[in-house]
Structure formats: C-alpha cells, structure tokens
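Dumped run_19.pdb below, it's PDB, C-alpha atoms:
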```pdb
ATOM      1  CA  MET A   1       0.000   0.000   0.000
ATOM      2  CA  PRO A   2       2.363   2.724  -1.150
ATOM      3  CA  LEU A   3      -0.289   5.509  -1.035
ATOM      4  CA  LEU A   4      -1.360   4.644   2.503
ATOM      5  CA  ASN A   5       2.285   4.397   3.521
ATOM      6  CA  SER A   6       3.045   7.808   2.013
ATOM      7  CA  ILE A   7       0.146   9.295   3.993
ATOM      8  CA  SER A   8       0.931   7.566   7.285
ATOM      9  CA  THR A   9       4.726   7.959   7.288
ATOM     10  CA  PRO A  10       4.888  11.745   7.934
ATOM     11  CA  TYR A  11       2.580  11.386  10.964
ATOM     12  CA  ALA A  12       4.578   8.432  12.272
ATOM     13  CA  GLU A  13       7.921  10.192  11.770
ATOM     14  CA  ALA A  14       6.640  13.364  13.444
ATOM     15  CA  LEU A  15       5.356  11.399  16.433
ATOM     16  CA  LEU A  16       8.661   9.551  16.776
ATOM     17  CA  GLN A  17      10.632  12.783  16.577
ATOM     18  CA  VAL A  18       8.530  14.503  19.245
ATOM     19  CA  VAL A  19       8.435  11.586  21.677
ATOM     20  CA  ASP A  20      12.206  11.126  21.262
ATOM     21  CA  GLN A  21      12.736  14.755  22.254
ATOM     22  CA  ARG A  22      10.444  14.317  25.266
ATOM     23  CA  GLN A  23      11.983  10.950  26.178
ATOM     24  CA  GLU A  24       8.588   9.271  25.992
ATOM     25  CA  THR A  25       9.391   6.884  23.144
ATOM     26  CA  ASP A  26       9.109   3.572  24.994
ATOM     27  CA  GLN A  27       5.943   4.665  26.793
ATOM     28  CA  VAL A  28       4.246   5.873  23.597
ATOM     29  CA  ALA A  29       5.294   2.693  21.762
ATOM     30  CA  GLN A  30       3.505   0.648  24.434
ATOM     31  CA  GLU A  31       0.477   2.948  24.250
ATOM     32  CA  ALA A  32       0.422   2.538  20.463
ATOM     33  CA  LYS A  33       0.473  -1.253  20.835
ATOM     34  CA  ASP A  34      -2.357  -1.114  23.382
ATOM     35  CA  LEU A  35      -4.434   1.209  21.203
ATOM     36  CA  LEU A  36      -3.887  -0.991  18.149
ATOM     37  CA  GLU A  37      -5.176  -3.959  20.131
ATOM     38  CA  VAL A  38      -8.354  -2.010  20.958
ATOM     39  CA  TRP A  39      -8.609  -0.778  17.354
ATOM     40  CA  HIS A  40      -8.358  -4.271  15.890
ATOM     41  CA  SER A  41     -10.746  -5.814  18.415
ATOM     42  CA  SER A  42     -13.502  -3.230  17.932
ATOM     43  CA  PRO A  43     -15.122  -3.037  14.496
ATOM     44  CA  GLU A  44     -17.606  -0.530  15.957
ATOM     45  CA  LEU A  45     -14.792   1.855  16.902
ATOM     46  CA  ARG A  46     -13.222   1.591  13.441
ATOM     47  CA  ALA A  47     -16.588   2.105  11.758
ATOM     48  CA  ALA A  48     -17.366   5.170  13.898
ATOM     49  CA  PHE A  49     -14.024   6.822  13.123
ATOM     50  CA  SER A  50     -14.302   5.956   9.429
ATOM     51  CA  SER A  51     -17.784   7.440   9.174
ATOM     52  CA  PRO A  52     -17.989  10.654   7.136
ATOM     53  CA  VAL A  53     -21.199  11.494   9.015
ATOM     54  CA  LEU A  54     -19.385  12.032  12.339
ATOM     55  CA  GLU A  55     -17.815  15.520  12.453
ATOM     56  CA  PRO A  56     -14.100  15.859  13.302
ATOM     57  CA  GLU A  57     -14.939  17.733  16.501
ATOM     58  CA  ALA A  58     -17.167  14.879  17.665
ATOM     59  CA  LYS A  59     -14.381  12.402  16.915
ATOM     60  CA  ARG A  60     -11.948  14.540  18.932
ATOM     61  CA  LYS A  61     -14.296  14.527  21.920
ATOM     62  CA  VAL A  62     -14.725  10.759  21.724
ATOM     63  CA  LEU A  63     -10.946  10.289  21.544
ATOM     64  CA  VAL A  64     -10.408  12.458  24.611
ATOM     65  CA  THR A  65     -13.171  10.652  26.508
ATOM     66  CA  LEU A  66     -11.922   7.181  25.572
ATOM     67  CA  PHE A  67      -8.160   7.650  25.798
ATOM     68  CA  GLY A  68      -7.429  11.025  27.441
ATOM     69  CA  ASN A  69      -6.567   9.554  30.839
ATOM     70  CA  ASP A  70      -4.655   6.530  29.535
ATOM     71  CA  ILE A  71      -2.158   7.996  27.076
ATOM     72  CA  THR A  72       0.487  10.695  27.085
ATOM     73  CA  PRO A  73      -0.554  14.211  26.007
ATOM     74  CA  THR A  74       1.769  13.917  23.002
ATOM     75  CA  PHE A  75       0.024  10.805  21.779
ATOM     76  CA  LEU A  76      -3.398  12.338  22.410
ATOM     77  CA  THR A  77      -2.350  15.359  20.345
ATOM     78  CA  LEU A  78      -1.545  13.070  17.411
ATOM     79  CA  LEU A  79      -5.004  11.500  17.677
ATOM     80  CA  LYS A  80      -6.633  14.950  17.703
ATOM     81  CA  VAL A  81      -4.607  16.042  14.658
ATOM     82  CA  LEU A  82      -5.654  12.906  12.789
ATOM     83  CA  ALA A  83      -9.302  13.607  13.694
ATOM     84  CA  ASP A  84      -9.043  17.268  12.628
ATOM     85  CA  ARG A  85      -7.526  16.317   9.280
ATOM     86  CA  GLN A  86     -10.062  13.519   8.808
ATOM     87  CA  ARG A  87      -7.311  10.910   8.838
ATOM     88  CA  ILE A  88      -8.355   9.043  11.994
ATOM     89  CA  ALA A  89      -9.616   6.153   9.838
ATOM     90  CA  ILE A  90      -5.979   5.372   9.005
ATOM     91  CA  LEU A  91      -4.932   5.376  12.658
ATOM     92  CA  ASP A  92      -3.810   1.751  12.445
ATOM     93  CA  ALA A  93      -1.557   2.499   9.456
ATOM     94  CA  VAL A  94       0.016   5.453  11.276
ATOM     95  CA  LEU A  95       0.615   3.425  14.443
ATOM     96  CA  ASP A  96       1.931   0.413  12.535
ATOM     97  CA  ARG A  97       4.386   2.698  10.711
ATOM     98  CA  PHE A  98       5.354   4.399  13.997
ATOM     99  CA  LEU A  99       6.074   1.013  15.596
ATOM    100  CA  GLU A 100       8.045  -0.056  12.526
ATOM    101  CA  LEU A 101      10.213   3.079  12.785
ATOM    102  CA  TYR A 102      10.537   2.576  16.552
ATOM    103  CA  ARG A 103      11.763  -1.002  16.067
ATOM    104  CA  GLU A 104      14.248   0.103  13.407
ATOM    105  CA  GLN A 105      15.560   2.815  15.725
ATOM    106  CA  ARG A 106      15.962   0.380  18.631
ATOM    107  CA  GLY A 107      17.271  -2.583  16.613
ATOM    108  CA  ILE A 108      14.258  -4.711  17.509
ATOM    109  CA  ALA A 109      13.296  -7.533  15.134
ATOM    110  CA  LEU A 110       9.599  -8.324  14.725
ATOM    111  CA  ALA A 111       8.803 -12.026  14.588
ATOM    112  CA  ARG A 112       5.313 -12.888  13.382
ATOM    113  CA  ILE A 113       4.480 -16.289  14.798
ATOM    114  CA  THR A 114       1.416 -18.176  13.680
ATOM    115  CA  SER A 115       0.692 -21.401  15.519
ATOM    116  CA  ALA A 116      -2.061 -23.990  15.358
ATOM    117  CA  SER A 117      -2.764 -23.559  19.094
ATOM    118  CA  PRO A 118      -1.634 -21.069  21.759
ATOM    119  CA  LEU A 119       2.053 -21.393  22.680
ATOM    120  CA  SER A 120       3.013 -21.930  26.306
ATOM    121  CA  GLU A 121       5.476 -19.625  28.054
ATOM    122  CA  GLN A 122       8.105 -22.365  27.812
ATOM    123  CA  GLN A 123       7.539 -22.759  24.060
ATOM    124  CA  GLN A 124       7.715 -18.992  23.561
ATOM    125  CA  GLN A 125      10.979 -18.818  25.499
ATOM    126  CA  ALA A 126      12.482 -21.626  23.410
ATOM    127  CA  LEU A 127      11.369 -19.848  20.222
ATOM    128  CA  HIS A 128      12.739 -16.539  21.513
ATOM    129  CA  THR A 129      16.262 -17.917  21.679
ATOM    130  CA  LYS A 130      16.062 -19.410  18.183
ATOM    131  CA  VAL A 131      14.481 -16.285  16.668
ATOM    132  CA  LEU A 132      17.260 -14.119  18.115
ATOM    133  CA  ALA A 133      19.792 -16.288  16.266
ATOM    134  CA  VAL A 134      17.808 -16.088  13.003
ATOM    135  CA  ALA A 135      17.216 -12.334  13.295
ATOM    136  CA  GLY A 136      20.832 -11.591  14.148
ATOM    137  CA  THR A 137      19.840  -9.127  16.864
ATOM    138  CA  ASP A 138      19.609  -9.157  20.645
ATOM    139  CA  LYS A 139      16.034  -7.827  20.786
ATOM    140  CA  VAL A 140      12.918  -9.382  19.335
ATOM    141  CA  GLU A 141       9.193  -8.769  19.665
ATOM    142  CA  PHE A 142       6.656 -11.493  19.041
ATOM    143  CA  ASP A 143       3.428 -10.890  17.146
ATOM    144  CA  LEU A 144       1.447 -14.037  17.968
ATOM    145  CA  HIS A 145      -1.475 -15.362  15.949
ATOM    146  CA  ILE A 146      -3.495 -18.573  16.056
ATOM    147  CA  ASP A 147      -4.454 -20.386  12.837
ATOM    148  CA  PRO A 148      -6.018 -23.835  13.358
ATOM    149  CA  SER A 149      -5.647 -24.551   9.621
ATOM    150  CA  LEU A 150      -1.931 -25.171  10.286
ATOM    151  CA  ILE A 151      -3.120 -28.430  11.955
ATOM    152  CA  GLY A 152      -0.015 -28.471  14.207
ATOM    153  CA  GLY A 153       3.293 -26.648  14.666
ATOM    154  CA  PHE A 154       3.990 -23.028  13.756
ATOM    155  CA  VAL A 155       5.264 -20.595  11.113
ATOM    156  CA  VAL A 156       7.763 -17.871  12.047
ATOM    157  CA  SER A 157       8.380 -14.836   9.819
ATOM    158  CA  VAL A 158      11.265 -12.490  10.618
ATOM    159  CA  GLY A 159      11.695  -9.902   7.886
ATOM    160  CA  SER A 160      11.934 -11.846   4.633
ATOM    161  CA  GLN A 161      12.854 -15.106   6.370
ATOM    162  CA  VAL A 162      10.103 -17.672   6.905
ATOM    163  CA  ILE A 163      10.453 -20.846   8.934
ATOM    164  CA  ASP A 164       7.516 -23.163   8.319
ATOM    165  CA  ALA A 165       7.417 -25.851  11.003
ATOM    166  CA  SER A 166       3.705 -26.476  10.594
ATOM    167  CA  LEU A 167       2.051 -29.777   9.803
ATOM    168  CA  ALA A 168       0.146 -28.119   6.942
ATOM    169  CA  GLY A 169       3.487 -26.942   5.500
ATOM    170  CA  GLN A 170       4.940 -30.434   5.772
ATOM    171  CA  VAL A 171       1.895 -31.897   3.998
ATOM    172  CA  ARG A 172       2.189 -29.252   1.254
ATOM    173  CA  ARG A 173       5.920 -29.952   0.766
ATOM    174  CA  LEU A 174       5.282 -33.713   0.681
ATOM    175  CA  GLY A 175       2.571 -33.183  -1.944
ATOM    176  CA  LEU A 176       4.946 -31.128  -4.092
ATOM    177  CA  ALA A 177       7.632 -33.785  -3.786
ATOM    178  CA  LEU A 178       5.174 -36.504  -4.796
ATOM    179  CA  ALA A 179       3.956 -34.421  -7.743
ATOM    180  CA  LYS A 180       7.535 -33.999  -8.995
ATOM    181  CA  ALA A 181       8.253 -37.727  -8.595
ATOM    182  CA  GLY A 182       5.127 -38.755 -10.466
TER     183      GLY A 182
END
```
Could you show the structure in this file as structure tokens?
Amino acid sequence: MPLLNSISTPYAEALLQVVDQRQETDQVAQEAKDLLEVWHSSPELRAAFSSPVLEPEAKRKVLVTLFGNDITPTFLTLLKVLADRQRIAILDAVLDRFLELYREQRGIALARITSASPLSEQQQQALHTKVLAVAGTDKVEFDLHIDPSLIGGFVVSVGSQVIDASLAGQVRRLGLALAKAG
C-alpha cells in the first residue's frame, strides 16, 4: 500500500521525533500497541471513526473521553490532529508505521508467529532464543497469531525469512515432492 504508507509515514515520523525529544518513546510505543489492540478488536470503533457522518470535533471529543486519561498528552495530540484532518480512519496504518520506525531505531526484530494452538510460556521462550539467532539481533518482539488450519506446529516470519514448522506446511511440501516424482 504505497499511497497509505506515504500518507501515514509523515505522521509516524513526526510522532517519533517529538516523543524522542520528550523521552517518551518507549511509553508511547507501548500505548500505540495497546491502542492498536483495541482498534483491531472493535469493528464498531473503526466504523465510527471511518464514518464521514461524524464531524471531526465529535471524533476529537470521543478520543479524549476514551483515551485522554490513559495515554500521554503527546500521543493524544496526534489523535486529535488525525481527527481534525479527517485521517483518523488510518490510525492503524500510522501506528503500525510508527512502531516499525521505533523497532528500526531500537534494533528490535519483529517475529510474526502463527501457531495452530496457543504457545506456552516455555515454548515462547524456546522460540525466543532461536528467533534471536535467526534475526541476528539481541532484541525481538513477538506478534502471535493462532491459525487452526496449520493443523499443528507453527510458522515464524522475521523480515523476509520464513520458517515453516507447521504440519500443513509439511503436507504441502510432501505433496509437491510426490507431484515432482510422479
């Protein structure tokens, strides 16, 4: 989505620059993650902020009511600016880009892990060590997802590297091998 990225990047870069100056970067990064979780779990919230019927001022008031006490003033200001400019519907793109820039700045690798069932703490810790070696960094964040269609196992994506240790992947590879042999 190059157009969406070109719209969201200036907001994300501005937020990162301001929170760096105010030494709030880690706190705002956590707030962005928390807000994204709410954003993704609430289709009603996304629909309300995407609605052209709701005036920007009304959206600002809702943002202050919902998040004013839970986020830093700097972060709240970004939300108000997005509402004023009628860009609040792309909040997730702005926050995703902000977190991407934050991770780049801090040398944090993002590992997207999709498993057939929830991973235990012990399994996550074992994966953490292996992902650090694959990523070539000393910091990694997990983005965990559940996909029962994997049947068993997991798939790890770190940047352009993909490790498919799922049963569905094994079945697919076996099918390809059989097709080539036949």
Selection under test: the PyMOL selection byres ((chain A and resi 164) around 10); residues as a list in words:
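For this structure, the PyMOL selection byres ((chain A and resi 164) around 10) resolves to Ile113, Thr114, Leu150, Gly153, Phe154, Val155, Val156, Ser157, Gln161, Val162, Ile163, Ala165, Ser166, Leu167, Ala168, Gly169 and Gln170 of chain A.
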Distance criterion (all atoms listed in the file): nearest to A:Ala14 out of A:Ala135, A:Ala111, A:Leu174, A:Leu101:
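Looking at the shortest contact to A:Ala14, the residue is A:Leu101.
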Here's the selection I'm unsure about, the PyMOL selection byres ((chain A and resi 83) around 9); applied to the file above, which residues does it give, as a list in words?
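So the PyMOL selection byres ((chain A and resi 83) around 9), applied here, picks out Phe49, Glu55, Pro56, Glu57, Ala58, Lys59, Arg60, Leu63, Leu78, Leu79, Lys80, Val81, Leu82, Asp84, Arg85, Gln86, Arg87, Ile88 and Ala89 of chain A.
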So what do you get for atom CA of A:Phe67 versus atom CA of A:Leu110, distance-wise?
26.3 Å
Could you tell me which of A:Leu127, A:Thr137, A:Gln122, A:Thr72 comes closest to A:Asp26 if we count all atoms listed in the file?
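Under the stated criterion, the closest residue is A:Thr72.
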Assuming the chain letters and numbering stay as they are in my file, what does the PyMOL selection byres ((chain A and resi 29) around 12) actually select? List them as a PyMOL selection string.
chain A and resi 12+15-16+19-20+23-28+30-36+71-72+74-75+95-103+105-106
Check the smallest atom-to-atom distance from each of A:Arg112, A:Arg22, A:Arg173, A:Lys180 to A:Pro73 using all atoms listed in the file, then report the winner.
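For A:Pro73, the nearest of the given residues is A:Arg22.
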Take atom CA of A:Ala133 and atom CA of A:His145 and report the distance between them in Å, one decimal.
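One can read the atom CA of A:Ala133 to atom CA of A:His145 distance as 21.3 Å.
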Draw an axis-aligned box over all listed atoms of stretch 56-67 of chain A, pad each side with 6 Å, and write its centre and edge lengths in Å, one decimal, as JSON.
```
{"center_x": -12.7, "center_y": 12.5, "center_z": 19.9, "size_x": 21.0, "size_y": 22.6, "size_z": 25.2}
```
Between A:Asp92, A:Glu44, A:Asp70, A:Glu37, which is the closest to A:Asn5 once you count all atoms listed in the file?
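Looking only at the distances to A:Asn5, the closest residue turns out to be A:Asp92.
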Between atom CA of A:Glu141 and atom CA of A:Ala109, what is the distance, to one decimal in Å?
6.2 Å
With distances taken over all atoms listed in the file, the candidate from A:Ala48, A:Val131, A:Leu66, A:Leu76 nearest A:Ile108 is A:Val131
Find, counting only C-alpha atoms, the residue in A:Ser6, A:Ser50, A:Gln17, A:Lys139 that gets nearest to A:Leu91.
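Answer, going by the shortest atom-to-atom distance: A:Ser50.
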